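Chemist: Following this message is one structure expressed as structure tokens.
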Amino acid sequence: MGGGRSGTTLLDIILGNSNQAFSLGEILKFLELEGVPHNSQEGDEVWSFYQPIYQQLRNSTDLEGLSKIANEFEYHSNYLNVLFWLKSAKKKKLYANYVNKVFDILFEASKAEILIDSSKYPARAMALSKVLKHEIAFVYIQRDPVKVIESFGKKNLEQPSKSTFSAFIYYVFVNLGCQLSLRILKTRHSTIQIKYEDLVQSPSEVIELISNKLQIDADELITKLQRDEAIQVGKLFEGNRIRLKQEITIKRSVSSNEGRSLKQFIVRLLTKWIY
């Protein structure tokens with residue numbers, strides 16, 4: 001879980017390099033995009049993995065209207081409805097059948113014991129916790145609000161940019177939803193909260209914490225991170241643009257600048273006051 005621009009794709013990629021794990025990226029858009037992620041072309045590695053999965057799902061499931069129903073369970077605007085489980089019994093059944101079917105197919109296709117899903121929305125996390133038959137654990141990653149807002153200010157990226165005000169409102173409410181969800185989820189599932197800055201500065205230490213908490217075999221991955229070796233990106237469906245690379249190395253230098261501008265000071269002050 002986490003807000004946009006908070007490092008969820010990076011964490012997904014890193015965890016996907018642990019033993020018996022497979023990185024999915026943001027799989028919540030699978031139906032909406034009909035199994036074809038952005039920047040993927042027919043015949044390439046990502047297309048060739050996900051398109052047969054979509055065809056298998058389409059052949060075994062009535063997909064008419066299912067994308068809209070899935071959105072009703074997973075997007076921010078429906079968080080309270082999911083939190084209090086106010087959806088109709090029919091929609092709950094349709095949604096449960098869909099997510100269980102798609103994850104069954106993904107497990108079979110990937111041959112992995114662990115699937116990493118960086119869809120990140122707190123509403124989706126709550127919905128999956130109620131219907132998914134597979135064991136599920138949650139990692140909540142939070143990033144410095146100033147850096148998130150600065151990232152949202154960048155233009156000409158796949159993800160739409162936001163003004164300072166709208167990015168701040170988005171950050172506050174999404175992270176409040178994540179924190180509330182984590183408190184609820186930890187009573188029935190394994191959960192852990194980390195900071196993006198810690199992940200980048202000390203990746204091996206953070207991954208060791210996650211692996212110990214969630215019982216993931218990550219010894220080889222931790223050794224790679226300690227040696228600053230490159231890690232494979234894998235076949236991410238959607239996410240940050242780094243998913244388009246073949247491999248990445250973790251840059252450990254993160255600016256420790258607390259921000260001396262008035263705007264940065266106000267953002268940090270308001271964030272701390274609200275929380």
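Naming works like this for the structure tokens: A, B, ... for the chains as they're shown, residue 1 at the start of each chain, ligands 1 onward in shown order.
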Do a neighbour search on Glu229 in chain A at 9 Å with only C-alpha atoms, toss out local chain neighbours closer than 4 positions, and write the hits as an MDAnalysis selection string.

Modeler: chainID A and resid 223:225 248:250

Chemist: What's around range 29-32 of chain A at 9 Å? Count only C-alpha atoms, leave out sequence neighbours fewer than 4 positions away in its own chain, and write the answer as a CSV table (one decimal) with all heavy atoms, in the first residue's frame.

Modeler:
```csv
chain,number,residue,atom,x,y,z
A,36,VAL,N,-3.5,-5.7,-21.7
A,36,VAL,CA,-2.4,-5.1,-22.5
A,36,VAL,C,-1.9,-3.8,-21.8
A,36,VAL,O,-2.5,-2.8,-21.9
A,36,VAL,CB,-2.9,-4.7,-23.9
A,36,VAL,CG1,-1.7,-4.1,-24.8
A,36,VAL,CG2,-3.4,-5.9,-24.7
A,37,PRO,N,-0.8,-3.9,-21.1
A,37,PRO,CA,-0.3,-2.8,-20.4
A,37,PRO,C,0.2,-1.7,-21.3
A,37,PRO,O,0.6,-1.9,-22.5
A,37,PRO,CB,0.9,-3.3,-19.5
A,37,PRO,CG,1.3,-4.5,-20.3
A,37,PRO,CD,0.1,-5.1,-20.9
A,50,TYR,N,1.1,-11.7,-20.3
A,50,TYR,CA,-0.2,-11.3,-19.8
A,50,TYR,C,-1.4,-11.5,-20.8
A,50,TYR,O,-2.5,-11.8,-20.3
A,50,TYR,CB,-0.2,-9.8,-19.4
A,50,TYR,CG,0.6,-9.6,-18.1
A,50,TYR,CD1,1.8,-9.0,-18.1
A,50,TYR,CD2,0.0,-10.0,-16.9
A,50,TYR,CE1,2.6,-8.8,-17.0
A,50,TYR,CE2,0.8,-9.8,-15.7
A,50,TYR,CZ,2.0,-9.2,-15.8
A,50,TYR,OH,2.7,-9.0,-14.6
A,54,TYR,N,-5.2,-13.1,-19.9
A,54,TYR,CA,-6.4,-12.4,-20.2
A,54,TYR,C,-7.4,-13.2,-21.0
A,54,TYR,O,-8.6,-13.3,-20.7
A,54,TYR,CB,-6.2,-11.0,-20.9
A,54,TYR,CG,-7.5,-10.3,-21.2
A,54,TYR,CD1,-8.2,-9.6,-20.2
A,54,TYR,CD2,-8.0,-10.3,-22.5
A,54,TYR,CE1,-9.3,-8.9,-20.4
A,54,TYR,CE2,-9.2,-9.6,-22.7
A,54,TYR,CZ,-9.9,-8.9,-21.7
A,54,TYR,OH,-11.0,-8.3,-22.0
A,63,LEU,N,-16.9,-11.4,-18.5
A,63,LEU,CA,-16.3,-10.1,-18.1
A,63,LEU,C,-17.1,-8.9,-18.3
A,63,LEU,O,-16.7,-7.8,-18.0
A,63,LEU,CB,-15.0,-10.0,-18.9
A,63,LEU,CG,-13.9,-11.1,-18.8
A,63,LEU,CD1,-12.7,-10.7,-19.6
A,63,LEU,CD2,-13.6,-11.3,-17.3
A,66,LEU,N,-17.6,-6.3,-15.5
A,66,LEU,CA,-16.8,-6.7,-14.4
A,66,LEU,C,-15.7,-5.7,-14.1
A,66,LEU,O,-15.4,-5.5,-12.9
A,66,LEU,CB,-16.1,-8.1,-14.7
A,66,LEU,CG,-15.6,-8.8,-13.5
A,66,LEU,CD1,-16.6,-9.0,-12.4
A,66,LEU,CD2,-15.0,-10.2,-13.9
A,67,SER,N,-15.2,-5.0,-15.1
A,67,SER,CA,-14.2,-3.9,-14.8
A,67,SER,C,-14.8,-2.8,-14.0
A,67,SER,O,-14.1,-2.3,-13.0
A,67,SER,CB,-13.7,-3.4,-16.1
A,67,SER,OG,-12.8,-2.3,-15.9
A,68,LYS,N,-16.0,-2.4,-14.3
A,68,LYS,CA,-16.7,-1.4,-13.5
A,68,LYS,C,-16.9,-1.8,-12.0
A,68,LYS,O,-16.7,-1.1,-11.1
A,68,LYS,CB,-18.0,-1.0,-14.1
A,68,LYS,CG,-18.8,0.1,-13.4
A,68,LYS,CD,-20.0,0.5,-14.1
A,68,LYS,CE,-20.8,1.5,-13.4
A,68,LYS,NZ,-22.1,1.9,-14.0
A,70,ALA,N,-15.2,-4.1,-10.4
A,70,ALA,CA,-13.9,-4.2,-9.7
A,70,ALA,C,-13.4,-2.8,-9.3
A,70,ALA,O,-12.9,-2.6,-8.1
A,70,ALA,CB,-12.8,-4.8,-10.7
A,71,ASN,N,-13.7,-1.8,-10.1
A,71,ASN,CA,-13.3,-0.4,-9.7
A,71,ASN,C,-14.1,0.0,-8.5
A,71,ASN,O,-13.6,0.8,-7.7
A,71,ASN,CB,-13.6,0.5,-10.9
A,71,ASN,CG,-12.6,0.4,-12.0
A,71,ASN,OD1,-11.6,-0.3,-11.9
A,71,ASN,ND2,-12.9,0.9,-13.2
A,119,SER,N,-0.4,-2.6,-6.6
A,119,SER,CA,-1.6,-1.8,-7.0
A,119,SER,C,-1.8,-0.7,-5.9
A,119,SER,O,-2.4,0.3,-6.2
A,119,SER,CB,-2.8,-2.7,-7.1
A,119,SER,OG,-2.7,-3.6,-8.2
A,237,PHE,N,3.1,-5.4,-15.0
A,237,PHE,CA,2.0,-5.0,-15.8
A,237,PHE,C,1.8,-3.5,-16.0
A,237,PHE,O,1.8,-3.0,-17.1
A,237,PHE,CB,0.7,-5.6,-15.3
A,237,PHE,CG,-0.5,-5.4,-16.2
A,237,PHE,CD1,-0.7,-6.2,-17.3
A,237,PHE,CD2,-1.5,-4.4,-15.9
A,237,PHE,CE1,-1.8,-6.0,-18.2
A,237,PHE,CE2,-2.5,-4.2,-16.8
A,237,PHE,CZ,-2.7,-5.0,-17.9
A,238,GLU,N,1.8,-2.8,-14.9
A,238,GLU,CA,1.7,-1.4,-14.9
A,238,GLU,C,2.5,-0.8,-13.7
A,238,GLU,O,2.9,-1.6,-12.8
A,238,GLU,CB,0.3,-0.9,-14.8
A,238,GLU,CG,-0.5,-1.0,-16.1
A,238,GLU,CD,-0.2,0.1,-17.1
A,238,GLU,OE1,-0.5,1.3,-16.9
A,238,GLU,OE2,0.5,-0.3,-18.1
```

Chemist: Check range 133-257 of chain A with DSSP on the backbone and list each residue it calls strand (DSSP E), as a PyMOL selection string.

Modeler: chain A and resi 137-142+190-195+231-232+247-248

Chemist: Pick out the residues sitting within 7 Å of range 76-89 of chain A, and hand them over as an mmCIF file with N, CA and C atoms, in the first residue's frame; count only C-alpha atoms, and ignore anything fewer than 5 positions along from it in its own chain.

Modeler:
```cif
data_model
loop_
_atom_site.group_PDB
_atom_site.id
_atom_site.type_symbol
_atom_site.label_atom_id
_atom_site.label_comp_id
_atom_site.auth_asym_id
_atom_site.auth_seq_id
_atom_site.Cartn_x
_atom_site.Cartn_y
_atom_site.Cartn_z
ATOM 1 N N TYR A 121 -3.587 0.703 -3.709
ATOM 2 C CA TYR A 121 -4.749 1.416 -3.175
ATOM 3 C C TYR A 121 -5.224 0.783 -1.866
ATOM 4 N N ALA A 123 -8.166 0.860 -0.578
ATOM 5 C CA ALA A 123 -9.474 0.221 -0.787
ATOM 6 C C ALA A 123 -9.290 -1.181 -1.356
ATOM 7 N N MET A 126 -8.151 -3.556 1.390
ATOM 8 C CA MET A 126 -9.252 -3.969 2.256
ATOM 9 C C MET A 126 -10.154 -4.985 1.553
ATOM 10 N N ALA A 127 -10.429 -4.752 0.266
ATOM 11 C CA ALA A 127 -11.299 -5.657 -0.478
ATOM 12 C C ALA A 127 -10.661 -7.036 -0.621
#
```

Chemist: Out of A:Leu57, A:Leu157, A:Ala125, A:Leu24, which residue has the shortest atom-to-atom distance to Ser110 in chain A when counting only C-alpha atoms?

Modeler: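 Among A:Leu57, A:Leu157, A:Ala125, A:Leu24, it is A:Leu24 that comes nearest to Ser110 in chain A.
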
Chemist: Please list as an NGL selection string every residue within 10 Å of range 262-269 of chain A, counting only C-alpha atoms and excluding residues in the same chain fewer than 4 positions away.

Modeler: :A and (144-147 or 149-150 or 164-165 or 168 or 258 or 273-274)

Chemist: Could you give me, as a ChimeraX atom specification, each residue of range 168-249 of chain A that DSSP assigns to alpha helix (DSSP H) when run on this structure's backbone?

Modeler: /A:168-185,196-201,203-214,219-226

Chemist: Of the candidates A:Leu182, A:Ile14, A:Ile27, A:Val46, which shows the shortest atom-to-atom distance to Leu221 in chain A, using only C-alpha atoms?

Modeler: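 Result for the nearest residue to Leu221 in chain A: A:Ile14.
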
Chemist: Which polymer residues have any atom within 9 Å of an atom of Gln193 in chain A, counting only C-alpha atoms, with same-chain residues fewer than 2 positions away left out, as a ChimeraX atom specification?

Modeler: /A:138-142,182,191,195,210

Chemist: Please provide the set of residues having any atom within 10 Å of Gln179 in chain A, restricted to only C-alpha atoms, with same-chain residues fewer than 4 positions apart removed, written as a ChimeraX atom specification.

Modeler: /A:1-2,122,140,142,173-175,183-185,193,275

Chemist: Which residues are near Phe107 in chain A? Cut-off 12 Å, only C-alpha atoms, ignore same chain within fewer than 3 positions. Put them as a PDB file with C-alpha atoms, in the first residue's frame.

Modeler:
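Contents of the output file result_11.pdb:
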```pdb
ATOM      1  CA  GLN A  20      10.065 -17.943  -5.597  1.00  0.00           C
ATOM      2  CA  ALA A  21       8.585 -14.432  -5.993  1.00  0.00           C
ATOM      3  CA  PHE A  22       7.160 -12.764  -9.099  1.00  0.00           C
ATOM      4  CA  SER A  23       6.538  -9.031  -9.617  1.00  0.00           C
ATOM      5  CA  LEU A  24       3.145  -8.172 -11.089  1.00  0.00           C
ATOM      6  CA  ILE A  53      -3.796 -14.866 -19.063  1.00  0.00           C
ATOM      7  CA  ASN A 100      -9.579 -15.398  -7.014  1.00  0.00           C
ATOM      8  CA  LYS A 101      -9.736 -16.577 -10.615  1.00  0.00           C
ATOM      9  CA  VAL A 102      -7.172 -14.079 -11.868  1.00  0.00           C
ATOM     10  CA  PHE A 103      -4.740 -14.823  -9.036  1.00  0.00           C
ATOM     11  CA  ASP A 104      -5.179 -18.571  -9.576  1.00  0.00           C
ATOM     12  CA  SER A 110       4.276 -17.493 -13.141  1.00  0.00           C
ATOM     13  CA  LYS A 111       5.156 -20.788 -11.394  1.00  0.00           C
ATOM     14  CA  ALA A 112       5.884 -18.637  -8.346  1.00  0.00           C
ATOM     15  CA  GLU A 113       4.999 -19.217  -4.714  1.00  0.00           C
ATOM     16  CA  ILE A 114       4.710 -15.478  -3.995  1.00  0.00           C
ATOM     17  CA  LEU A 115       3.104 -12.779  -6.151  1.00  0.00           C
ATOM     18  CA  ILE A 116       4.016  -9.134  -5.519  1.00  0.00           C
ATOM     19  CA  HIS A 134      -4.759 -17.070  -0.871  1.00  0.00           C
TER      20      HIS A 134
END
```

Chemist: Calculated over only C-alpha atoms, which of the candidates A:Gln226, A:Ser163, A:Val233, A:Ser18 has the smallest distance to Gln246 in chain A?

Modeler: A:Val233

Chemist: For CA of Arg58 in chain A and CA of Gly43 in chain A, determine how far apart the two atoms are, in Å to one decimal place.

Modeler: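 If I compute the distance from CA of Arg58 in chain A to CA of Gly43 in chain A, I get 19.4 Å.
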